[in-house]
$ cat upload-v6.txt   # compact mmCIF, C-alpha atoms
# COMPACT_ATOMS: atom_id res chain seq x y z
CA MET U 1 86.43 -179.81 -72.50
CA ASP U 2 83.74 -178.26 -74.75
CA TRP U 3 83.81 -181.15 -77.23
CA GLU U 4 83.32 -183.57 -74.34
CA ARG U 5 80.09 -181.77 -73.46
CA VAL U 6 78.95 -181.98 -77.10
CA LYS U 7 79.71 -185.72 -77.06
CA GLU U 8 77.70 -186.25 -73.86
CA ARG U 9 74.69 -184.37 -75.22
CA LEU U 10 74.71 -186.38 -78.46
CA GLU U 11 75.04 -189.66 -76.55
CA ALA U 12 71.93 -188.75 -74.57
CA VAL U 13 69.97 -187.94 -77.74
CA LEU U 14 71.13 -190.87 -79.90
CA GLN U 15 71.32 -193.42 -77.06
CA THR U 16 74.53 -194.89 -78.47
CA PRO U 17 78.21 -194.79 -77.36
CA ILE U 18 80.34 -191.98 -78.80
CA GLN U 19 84.05 -191.23 -78.39
CA ILE U 20 86.51 -188.61 -79.60
CA SER U 21 89.48 -190.13 -81.42
CA SER U 22 91.84 -189.43 -84.30
CA LEU U 23 93.07 -191.11 -87.46
CA PRO U 24 95.76 -190.28 -90.02
CA GLU U 25 94.74 -187.59 -92.49
CA ALA U 26 95.50 -189.92 -95.40
CA ALA U 27 93.05 -192.53 -94.04
CA TRP U 28 90.33 -189.88 -93.63
CA LEU U 29 90.82 -188.54 -97.16
CA GLN U 30 90.66 -192.07 -98.56
CA LEU U 31 87.33 -192.70 -96.81
CA VAL U 32 85.96 -189.37 -98.07
CA GLU U 33 87.05 -190.19 -101.64
CA GLU U 34 85.48 -193.64 -101.51
CA GLN U 35 82.13 -192.26 -100.32
CA GLU U 36 81.92 -189.09 -102.42
CA GLY U 37 79.35 -190.66 -104.75
CA ASN U 38 76.99 -191.67 -101.92
CA ALA U 39 73.82 -189.67 -101.32
CA GLU U 40 74.89 -189.17 -97.70
CA GLY U 41 78.45 -188.16 -98.57
CA SER U 42 79.17 -184.61 -97.52
CA GLY U 43 82.85 -184.61 -96.59
CA ARG U 44 81.86 -183.83 -93.01
CA SER U 45 81.25 -187.46 -92.04
CA VAL U 46 82.19 -190.92 -93.34
CA VAL U 47 81.21 -194.51 -92.59
CA ARG U 48 83.86 -196.98 -91.39
CA GLY U 49 82.45 -200.45 -90.75
CA GLN U 50 79.75 -200.08 -88.10
CA GLU U 51 80.89 -196.58 -87.14
CA VAL U 52 80.20 -193.11 -88.46
CA LEU U 53 83.09 -190.65 -88.14
CA PHE U 54 82.40 -186.90 -87.97
CA TYR U 55 85.14 -184.40 -88.79
CA LEU U 56 86.08 -182.15 -85.83
CA SER U 57 89.48 -180.63 -86.63
CA LYS U 58 92.87 -181.17 -88.22
CA GLU U 59 95.83 -181.60 -85.83
CA GLN U 60 99.24 -181.88 -87.47
CA ASN U 61 98.94 -184.95 -89.75
CA ASP U 62 95.86 -186.38 -88.01
CA ILE U 63 92.13 -185.74 -88.21
CA ARG U 64 90.24 -185.49 -84.92
CA VAL U 65 86.83 -187.15 -85.20
CA LEU U 66 83.65 -187.88 -83.30
CA GLU U 67 83.21 -191.64 -83.50
CA VAL U 68 79.60 -192.89 -83.23
CA PHE U 69 79.13 -196.60 -82.48
CA GLY U 70 76.20 -198.97 -82.52
CA ALA U 71 73.19 -199.13 -84.77
CA GLN U 72 73.28 -197.44 -88.17
CA LEU U 73 72.29 -193.79 -87.90
CA THR U 74 69.32 -192.60 -89.89
CA VAL U 75 69.86 -189.85 -92.46
CA SER U 76 68.21 -187.28 -90.17
CA GLU U 77 70.29 -188.36 -87.15
CA ARG U 78 73.49 -188.12 -89.16
CA LYS U 79 72.55 -184.63 -90.36
CA LEU U 80 71.69 -183.66 -86.76
CA VAL U 81 75.19 -184.65 -85.61
CA GLU U 82 76.79 -182.83 -88.57
CA MET U 83 74.81 -179.67 -87.79
CA THR U 84 75.74 -179.89 -84.08
CA VAL U 85 79.43 -180.31 -84.93
CA GLU U 86 79.32 -177.52 -87.52
CA SER U 87 77.66 -175.16 -85.03
CA LYS U 88 80.36 -175.86 -82.44
CA GLN U 89 83.10 -175.38 -85.05
CA SER U 90 81.60 -172.01 -86.04
CA GLN U 91 81.60 -170.89 -82.42
CA GLU U 92 85.24 -171.87 -82.00
CA LYS U 93 86.24 -170.23 -85.27
CA LYS U 94 84.51 -167.02 -84.26
CA GLN U 95 86.06 -167.06 -80.79
CA TRP U 96 89.57 -167.86 -82.00
CA GLY U 97 89.43 -165.54 -84.99
CA THR U 98 87.78 -162.56 -83.33
CA PHE U 99 88.48 -162.63 -79.62
CA LEU U 100 91.84 -164.36 -79.20
CA SER U 101 95.18 -162.69 -79.71
CA GLU U 102 97.91 -164.57 -81.56
CA ASP U 103 99.60 -165.42 -78.23
CA GLU U 104 96.37 -166.76 -76.78
CA ARG U 105 95.61 -168.75 -79.92
CA LYS U 106 99.02 -170.46 -79.66
CA ALA U 107 98.47 -171.04 -75.93
CA HIS U 108 95.13 -172.73 -76.64
CA GLN U 109 96.76 -174.97 -79.23
CA LEU U 110 99.32 -176.05 -76.65
CA ARG U 111 96.57 -176.50 -74.07
CA ASP U 112 94.54 -178.74 -76.39
CA TRP U 113 97.58 -180.92 -77.15
CA LEU U 114 98.47 -181.23 -73.46
CA LEU U 115 94.90 -182.13 -72.44
CA GLU U 116 94.78 -184.73 -75.19
CA GLN U 117 97.87 -186.41 -73.71
CA MET U 118 96.23 -186.35 -70.28
CA GLU U 119 93.06 -187.95 -71.65
CA ARG U 120 95.20 -190.71 -73.14
CA GLY U 121 96.84 -191.31 -69.76
CA SER U 122 100.31 -190.58 -71.13
CA THR U 123 103.24 -190.25 -68.75
CA TYR U 124 105.64 -188.90 -71.36
CA ALA U 125 105.00 -187.09 -74.63
CA GLU U 126 107.30 -184.91 -76.71
CA LEU U 127 105.85 -181.76 -78.27
CA PRO U 128 105.33 -181.81 -82.05
CA ASP U 129 107.91 -179.61 -83.80
CA ALA U 130 105.23 -177.30 -85.20
CA LEU U 131 103.89 -176.45 -81.73
CA ALA U 132 107.34 -176.16 -80.16
CA SER U 133 108.71 -173.84 -82.85
CA GLN U 134 105.73 -171.47 -83.07
CA SER U 135 105.84 -170.85 -79.31
CA SER U 136 109.65 -170.64 -78.94
CA LEU U 137 109.84 -173.68 -76.68
CA TYR U 138 113.32 -174.84 -77.66
CA SER U 139 115.02 -172.39 -75.27
CA THR U 140 115.36 -173.12 -71.56
CA LYS U 141 112.51 -171.84 -69.37
CA ILE U 142 111.65 -171.71 -65.67
CA PRO U 143 108.40 -173.68 -65.21
CA LEU U 144 105.79 -172.57 -62.67
CA LEU U 145 102.33 -174.02 -62.15
CA LEU U 146 99.69 -171.67 -60.78
CA TYR U 147 96.41 -172.85 -59.28
CA GLY U 148 93.92 -170.15 -58.32
CA ASP U 149 91.78 -170.77 -55.23
CA TYR U 150 89.17 -168.35 -56.48
CA SER U 151 85.42 -168.85 -56.64
CA GLN U 152 83.80 -170.62 -59.58
CA ASN U 153 81.89 -167.39 -60.19
CA GLN U 154 85.08 -165.45 -60.78
CA SER U 155 86.71 -165.44 -64.19
CA VAL U 156 90.32 -164.66 -65.01
CA SER U 157 91.28 -163.00 -68.29
CA TYR U 158 94.22 -164.54 -70.12
CA ALA U 159 95.34 -161.13 -71.37
CA GLU U 160 95.12 -159.49 -67.93
CA LEU U 161 96.96 -162.30 -66.15
CA LYS U 162 99.71 -162.37 -68.80
CA LYS U 163 100.12 -158.61 -68.54
CA LEU U 164 100.35 -158.84 -64.75
CA LEU U 165 102.95 -161.62 -64.90
CA GLU U 166 105.10 -159.84 -67.48
CA SER U 167 104.99 -156.71 -65.36
CA PHE U 168 106.27 -158.70 -62.39
CA PHE U 169 109.00 -160.55 -64.31
CA GLU U 170 109.84 -157.47 -66.41
CA SER U 171 110.14 -159.89 -69.31
CA GLU U 172 108.02 -161.77 -71.83
CA ILE U 173 106.61 -165.06 -70.58
CA ILE U 174 104.60 -167.93 -72.05
CA LEU U 175 101.25 -168.50 -70.36
CA ILE U 176 99.25 -171.67 -71.03
CA PRO U 177 95.76 -172.20 -69.55
CA LEU U 178 95.29 -175.85 -68.53
CA LEU U 179 92.40 -177.19 -66.49
CA ASP U 180 89.93 -174.94 -64.71
CA LYS U 181 91.81 -172.38 -62.55
CA GLU U 182 95.17 -173.93 -63.54
CA TRP U 183 97.86 -172.02 -65.48
CA LEU U 184 101.34 -173.00 -66.64
CA ILE U 185 103.90 -170.17 -66.66
CA LEU U 186 107.17 -170.48 -68.59
CA ALA U 187 109.54 -167.69 -67.58
CA PRO U 188 112.91 -166.92 -69.23
CA GLU U 189 116.00 -168.58 -67.77
CA GLY U 190 117.70 -165.16 -67.68
CA LEU U 191 115.79 -164.37 -64.47
CA LEU U 192 118.27 -166.62 -62.65
CA THR U 193 121.14 -164.27 -63.43
CA SER U 194 119.38 -160.89 -63.55
CA GLY U 195 120.46 -158.74 -60.65
CA SER U 196 123.70 -160.68 -60.20
CA GLU U 197 125.57 -157.39 -60.36
CA GLU U 198 123.80 -156.31 -57.20
CA ARG U 199 125.00 -159.43 -55.42
CA ASP U 200 128.68 -158.90 -56.25
CA GLY U 201 130.77 -159.29 -53.15
CA ASP U 202 128.08 -161.33 -51.41
CA GLU U 203 127.99 -165.09 -51.15
CA GLU U 204 126.67 -166.48 -54.42
CA GLU U 205 123.08 -167.67 -54.25
CA SER U 206 122.18 -171.18 -55.34
CA VAL U 207 119.63 -171.86 -58.09
CA GLU U 208 117.24 -173.12 -55.41
CA GLN U 209 117.55 -169.90 -53.38
CA ILE U 210 116.93 -167.72 -56.45
CA LEU U 211 113.89 -169.76 -57.49
CA ASP U 212 112.58 -169.66 -53.92
CA ALA U 213 112.91 -165.86 -53.80
CA LEU U 214 111.33 -165.56 -57.25
CA GLY U 215 108.40 -167.75 -56.25
CA SER U 216 107.89 -165.97 -52.93
CA GLY U 217 107.73 -162.60 -54.64
CA LEU U 218 105.38 -163.86 -57.33
CA TYR U 219 103.04 -165.51 -54.81
CA GLU U 220 102.86 -162.35 -52.71
CA MET U 221 102.08 -160.24 -55.77
CA LEU U 222 99.40 -162.64 -57.03
CA ALA U 223 97.75 -162.96 -53.63
CA ASN U 224 97.55 -159.18 -53.28
CA GLU U 225 96.86 -158.03 -56.83
CA TRP U 226 95.14 -160.96 -58.50
CA VAL U 227 91.99 -162.63 -57.11
CA GLY U 228 93.16 -163.82 -53.70
CA GLU U 229 94.80 -167.03 -52.54
CA CYS U 230 96.56 -169.34 -54.96
CA HIS U 231 99.04 -172.21 -54.97
CA LEU U 232 102.32 -171.96 -56.85
CA ALA U 233 104.74 -174.78 -57.69
CA ILE U 234 108.23 -174.31 -59.13
CA ASP U 235 110.73 -176.73 -60.67
CA TYR U 236 114.24 -176.44 -62.09
CA PRO U 237 114.64 -174.88 -65.58
CA VAL U 238 113.72 -177.18 -68.47
CA LYS U 239 113.64 -177.22 -72.27
CA PRO U 240 109.85 -177.35 -72.87
CA ALA U 241 110.11 -178.78 -76.39
CA LYS U 242 111.45 -182.01 -74.91
CA SER U 243 109.82 -182.23 -71.48
CA LEU U 244 106.82 -179.90 -71.21
CA PHE U 245 104.25 -182.62 -70.52
CA ALA U 246 106.42 -184.44 -67.97
CA THR U 247 107.17 -181.12 -66.25
CA ILE U 248 103.46 -180.37 -65.81
CA LEU U 249 102.92 -183.78 -64.21
CA LYS U 250 105.80 -183.12 -61.78
CA LEU U 251 104.48 -179.66 -60.90
CA ARG U 252 101.00 -181.05 -60.26
CA GLU U 253 102.51 -183.68 -57.99
CA THR U 254 104.43 -180.93 -56.19
CA ILE U 255 101.25 -178.96 -55.44
CA MET U 256 99.47 -182.13 -54.31
CA LEU U 257 102.31 -183.05 -51.92
CA GLY U 258 102.62 -179.50 -50.60
CA ARG U 259 98.89 -179.20 -49.94
CA SER U 260 98.78 -182.64 -48.27
CA PHE U 261 101.80 -182.38 -45.99
CA HIS U 262 102.01 -178.62 -45.41
CA VAL U 263 98.52 -177.21 -45.00
CA GLY U 264 98.71 -173.44 -44.88
CA SER U 265 101.65 -173.26 -47.28
CA PHE U 266 101.02 -171.85 -50.74
CA LEU U 267 104.47 -171.91 -52.34
CA HIS U 268 105.62 -175.45 -53.15
CA LEU U 269 109.23 -176.14 -54.19
CA ARG U 270 109.84 -179.55 -55.69
CA TRP U 271 113.33 -179.99 -54.23
CA GLU U 272 111.96 -179.43 -50.71
CA LEU U 273 109.36 -182.20 -50.99
CA ARG U 274 111.55 -185.21 -51.74
CA LEU U 275 110.90 -186.82 -48.36
CA GLU U 276 107.17 -186.13 -48.64
CA LYS U 277 107.12 -187.82 -52.06
CA LEU U 278 108.61 -191.00 -50.58
CA LEU U 279 106.20 -190.98 -47.65
CA HIS U 280 103.22 -190.47 -49.94
CA LEU U 281 103.99 -193.80 -51.64
CA ILE U 282 103.81 -195.76 -48.37
CA ASP U 283 100.70 -197.84 -47.73
CA GLU U 284 98.21 -196.19 -45.33
CA GLU U 285 98.33 -199.13 -42.94
CA GLU U 286 102.12 -198.91 -42.74
CA LYS U 287 101.92 -195.17 -42.07
CA SER U 288 99.61 -195.77 -39.12
CA GLU U 289 101.78 -198.60 -37.83
CA PHE U 290 104.91 -196.40 -37.97
CA LEU U 291 103.16 -193.62 -36.05
CA GLU U 292 101.97 -196.04 -33.40
CA GLN U 293 105.48 -197.43 -32.95
CA VAL U 294 107.13 -194.01 -32.70
CA LEU U 295 104.58 -192.07 -30.65
CA ARG U 296 103.31 -195.04 -28.62
CA GLY U 297 100.02 -193.40 -27.77
CA THR U 298 101.50 -189.99 -26.90
CA ASP U 299 99.72 -188.10 -29.71
CA HIS U 300 98.50 -185.59 -27.11
CA ALA U 301 102.09 -184.27 -26.92
CA LEU U 302 101.74 -182.91 -30.46
CA ASP U 303 99.76 -179.80 -29.61
CA THR U 304 99.95 -176.74 -31.89
CA GLU U 305 102.74 -175.06 -29.92
CA THR U 306 104.86 -178.21 -29.83
CA VAL U 307 104.39 -178.94 -33.53
CA THR U 308 105.34 -175.36 -34.45
CA THR U 309 108.40 -175.53 -32.21
CA LEU U 310 109.58 -178.85 -33.65
CA GLU U 311 109.05 -177.76 -37.25
CA HIS U 312 111.15 -174.63 -36.76
CA PHE U 313 113.76 -176.66 -34.88
CA PHE U 314 114.11 -179.11 -37.79
CA SER U 315 114.03 -176.41 -40.48
CA LEU U 316 116.96 -174.70 -38.73
CA ASP U 317 119.07 -177.87 -38.57
CA CYS U 318 118.28 -178.48 -34.88
CA ASN U 319 120.09 -175.28 -33.88
CA VAL U 320 118.75 -174.25 -30.46
CA SER U 321 119.88 -170.61 -30.59
CA GLU U 322 118.57 -169.96 -34.11
CA THR U 323 115.25 -171.66 -33.33
CA ALA U 324 114.77 -169.54 -30.21
CA LYS U 325 115.41 -166.38 -32.25
CA LYS U 326 112.98 -167.51 -34.95
CA LEU U 327 110.25 -168.18 -32.37
CA TYR U 328 111.03 -164.98 -30.41
CA ILE U 329 111.46 -166.92 -27.19
CA HIS U 330 114.27 -167.30 -24.68
CA ARG U 331 116.70 -170.16 -25.24
CA ASN U 332 115.70 -171.68 -21.88
CA THR U 333 112.03 -171.61 -22.91
CA LEU U 334 112.88 -173.63 -26.01
CA LEU U 335 114.93 -176.12 -23.97
CA TYR U 336 112.00 -176.47 -21.57
CA ARG U 337 109.65 -177.32 -24.47
CA LEU U 338 112.08 -179.88 -25.87
CA ASP U 339 112.57 -181.47 -22.43
CA LYS U 340 108.82 -181.58 -21.90
CA PHE U 341 108.37 -183.38 -25.23
CA LYS U 342 111.14 -185.82 -24.27
CA ASN U 343 109.49 -186.59 -20.92
CA GLU U 344 106.09 -187.20 -22.54
CA THR U 345 107.27 -189.29 -25.51
CA GLY U 346 110.71 -190.60 -24.60
CA LEU U 347 112.06 -188.93 -27.76
CA ASP U 348 114.96 -186.48 -27.49
CA VAL U 349 115.04 -184.50 -30.75
CA ARG U 350 118.51 -183.17 -29.91
CA THR U 351 119.85 -186.61 -30.84
CA PHE U 352 120.08 -187.55 -34.53
CA ASN U 353 118.13 -190.82 -34.48
CA HIS U 354 115.23 -189.43 -32.47
CA ALA U 355 115.17 -186.26 -34.57
CA VAL U 356 114.78 -188.35 -37.75
CA LEU U 357 111.96 -190.42 -36.24
CA VAL U 358 110.06 -187.38 -35.01
CA ARG U 359 110.54 -185.54 -38.31
CA LEU U 360 108.97 -188.47 -40.18
CA ALA U 361 106.23 -188.88 -37.56
CA LEU U 362 105.29 -185.20 -37.84
CA LEU U 363 104.85 -185.43 -41.60
CA LEU U 364 102.78 -188.61 -41.37
CA TYR U 365 100.74 -187.31 -38.43
CA LYS U 366 99.55 -184.36 -40.51
CA VAL U 367 98.14 -186.49 -43.33
CA THR U 368 96.73 -189.33 -41.19
CA LYS U 369 95.10 -187.07 -38.59
CA ARG U 370 92.87 -185.48 -41.25
CA LYS U 371 91.61 -188.82 -42.61

$ encode --input "upload-v6.txt" --output "structure tokens"
Amino acid sequence: MDWERVKERLEAVLQTPIQISSLPEAAWLQLVEEQEGNAEGSGRSVVRGQEVLFYLSKEQNDIRVLEVFGAQLTVSERKLVEMTVESKQSQEKKQWGTFLSEDERKAHQLRDWLLEQMERGSTYAELPDALASQSSLYSTKIPLLLYGDYSQNQSVSYAELKKLLESFFESEIILIPLLDKEWLILAPEGLLTSGSEERDGDEEESVEQILDALGSGLYEMLANEWVGECHLAIDYPVKPAKSLFATILKLRETIMLGRSFHVGSFLHLRWELRLEKLLHLIDEEEKSEFLEQVLRGTDHALDTETVTTLEHFFSLDCNVSETAKKLYIHRNTLLYRLDKFKNETGLDVRTFNHAVLVRLALLLYKVTKRK
């Protein structure tokens, strides 16, 4: 964050530890009142014990401060920090007041709150009412996390990306920039039922199928019309006011699992990665031991063609006819490949127990082979 860079520069100059923290507004005002008569008192900084606190911003009922530790600062050093902070505040005020739209200003407020929770190492945090109400986060939304695999030299405009997304969804969305190249999209729940008239008479689609189709279409549009490849994670609809922070953590985990276990995939659906989540928690030594016990030194059998065949076979519920159609091969060709794998490994994936073992081994083989 920008304030983190300011902190690091000041630490290098002053040669003393500095941290960004917060304290209740009432406590700050009391310190200011107590020190108003001092020659150094300016309202921009106060002394608390062996620390000097510099005012950064007001957040709800708290004051965000730059906390300088160690030896007492000289008058000139204290003024240097105040001038540095004031300069940064002026830049932010100019940027927010002149260049940011109201939507983007609200999005940045949400971003700052979310990043603060991450810095604290929180695992759960409920949005303050003021932030939730000003951004209409009490209604149910479809959460999507977008990570752009674009070059560091490329920049993405908030306004342009929001316009592109709203054109795709044909509806207003909430867009929140997070870390570098990472964007949270909150789309209206109504997208789950839009177009239902067109599906009358057909078998009703599940929520998962609709979200899958929505994500596939969005990924294709972004890859073609945005700045190239990206990763997209989707979860079930949520009420952001209550679970926005937890939802972001889940979506990040979804992208991490998808990228680890399914290299080459760019759309990651949380409900399709439950098994991968369990496997990710297993100790590395146990993963290797499991692979050794299942494959028994027959890793050579897992060539690209065999892996592709097995993955399609499992994704189609071990249906031989459907798998052959999907791979555009004759049924007998598929049976030959499965028999060849059985002869080399002793594992017949047409039986339930062996299919389960090979399915697990394939997932673990992907992540251990690259390490």

$ atom_distance --input "upload-v6.txt" --atom1 "CA of Glu126 in chain U" --atom2 "CA of Ser243 in chain U"
6.4 Å

$ closest_residue --input "upload-v6.txt" --among "U:Ala132, U:Ala107, U:Ile234, U:Val367" --to "Phe261 in chain U" --atoms "all atoms listed in the file"
U:Val367

$ atom_distance --input "upload-v6.txt" --atom1 "CA of Glu284 in chain U" --atom2 "CA of Tyr365 in chain U"
11.5 Å

$ residues_around --input "upload-v6.txt" --residues "Leu251 in chain U" --least-positions-apart "6" --cutoff "8 Å" --atoms "all atoms listed in the file" --output "number ranges by chain"
U: 144-145, 233-235, 270

$ closest_residue --input "upload-v6.txt" --among "U:Arg274, U:Arg64, U:His268, U:Arg48" --to "Arg252 in chain U" --atoms "all atoms listed in the file"
U:His268

$ closest_residue --input "upload-v6.txt" --among "U:Thr123, U:Thr304, U:Asn332, U:Ser135" --to "Thr247 in chain U" --atoms "all atoms listed in the file"
U:Thr123

$ residues_around --input "upload-v6.txt" --residues "Leu161 in chain U" --least-positions-apart "5" --cutoff "9 Å" --atoms "all atoms listed in the file" --output "ChimeraX atom specification"
/U:156,166,175,226

$ atom_distance --input "upload-v6.txt" --atom1 "CA of Ile63 in chain U" --atom2 "CA of Glu104 in chain U"
22.6 Å

$ closest_residue --input "upload-v6.txt" --among "U:Val81, U:Val46, U:Ile176, U:Met256" --to "Arg111 in chain U" --atoms "only C-alpha atoms"
U:Ile176

$ residues_around --input "upload-v6.txt" --residues "Phe266 in chain U" --least-positions-apart "3" --cutoff "10 Å" --atoms "only C-alpha atoms" --output "PDB file with C-alpha atoms, in the frame of the given file"
ATOM      1  CA  TYR U 147      96.410-172.850 -59.280  1.00  0.00           C
ATOM      2  CA  SER U 216     107.890-165.970 -52.930  1.00  0.00           C
ATOM      3  CA  TYR U 219     103.040-165.510 -54.810  1.00  0.00           C
ATOM      4  CA  GLU U 220     102.860-162.350 -52.710  1.00  0.00           C
ATOM      5  CA  ALA U 223      97.750-162.960 -53.630  1.00  0.00           C
ATOM      6  CA  GLU U 229      94.800-167.030 -52.540  1.00  0.00           C
ATOM      7  CA  CYS U 230      96.560-169.340 -54.960  1.00  0.00           C
ATOM      8  CA  HIS U 231      99.040-172.210 -54.970  1.00  0.00           C
ATOM      9  CA  LEU U 232     102.320-171.960 -56.850  1.00  0.00           C
ATOM     10  CA  ALA U 233     104.740-174.780 -57.690  1.00  0.00           C
ATOM     11  CA  ILE U 255     101.250-178.960 -55.440  1.00  0.00           C
ATOM     12  CA  GLY U 258     102.620-179.500 -50.600  1.00  0.00           C
ATOM     13  CA  ARG U 259      98.890-179.200 -49.940  1.00  0.00           C
ATOM     14  CA  HIS U 262     102.010-178.620 -45.410  1.00  0.00           C
ATOM     15  CA  VAL U 263      98.520-177.210 -45.000  1.00  0.00           C
ATOM     16  CA  LEU U 269     109.230-176.140 -54.190  1.00  0.00           C
TER      17      LEU U 269
END

$ residues_around --input "upload-v6.txt" --residues "Leu80 in chain U" --least-positions-apart "3" --cutoff "12 Å" --atoms "all atoms listed in the file" --output "PyMOL selection string"
chain U and resi 9-10+13-14+44-45+54+73-77+83-87

$ write_last_selection --input "upload-v6.txt" --atoms "C-alpha atoms" --output "compact mmCIF listing (two decimals), in the coordinates of the input"
# COMPACT_ATOMS: atom_id res chain seq x y z
CA ARG U 9 74.69 -184.37 -75.22
CA LEU U 10 74.71 -186.38 -78.46
CA VAL U 13 69.97 -187.94 -77.74
CA LEU U 14 71.13 -190.87 -79.90
CA ARG U 44 81.86 -183.83 -93.01
CA SER U 45 81.25 -187.46 -92.04
CA PHE U 54 82.40 -186.90 -87.97
CA LEU U 73 72.29 -193.79 -87.90
CA THR U 74 69.32 -192.60 -89.89
CA VAL U 75 69.86 -189.85 -92.46
CA SER U 76 68.21 -187.28 -90.17
CA GLU U 77 70.29 -188.36 -87.15
CA MET U 83 74.81 -179.67 -87.79
CA THR U 84 75.74 -179.89 -84.08
CA VAL U 85 79.43 -180.31 -84.93
CA GLU U 86 79.32 -177.52 -87.52
CA SER U 87 77.66 -175.16 -85.03

$ closest_residue --input "upload-v6.txt" --among "U:Leu363, U:Leu23, U:Phe313, U:Glu34" --to "Leu53 in chain U" --atoms "all atoms listed in the file"
U:Leu23
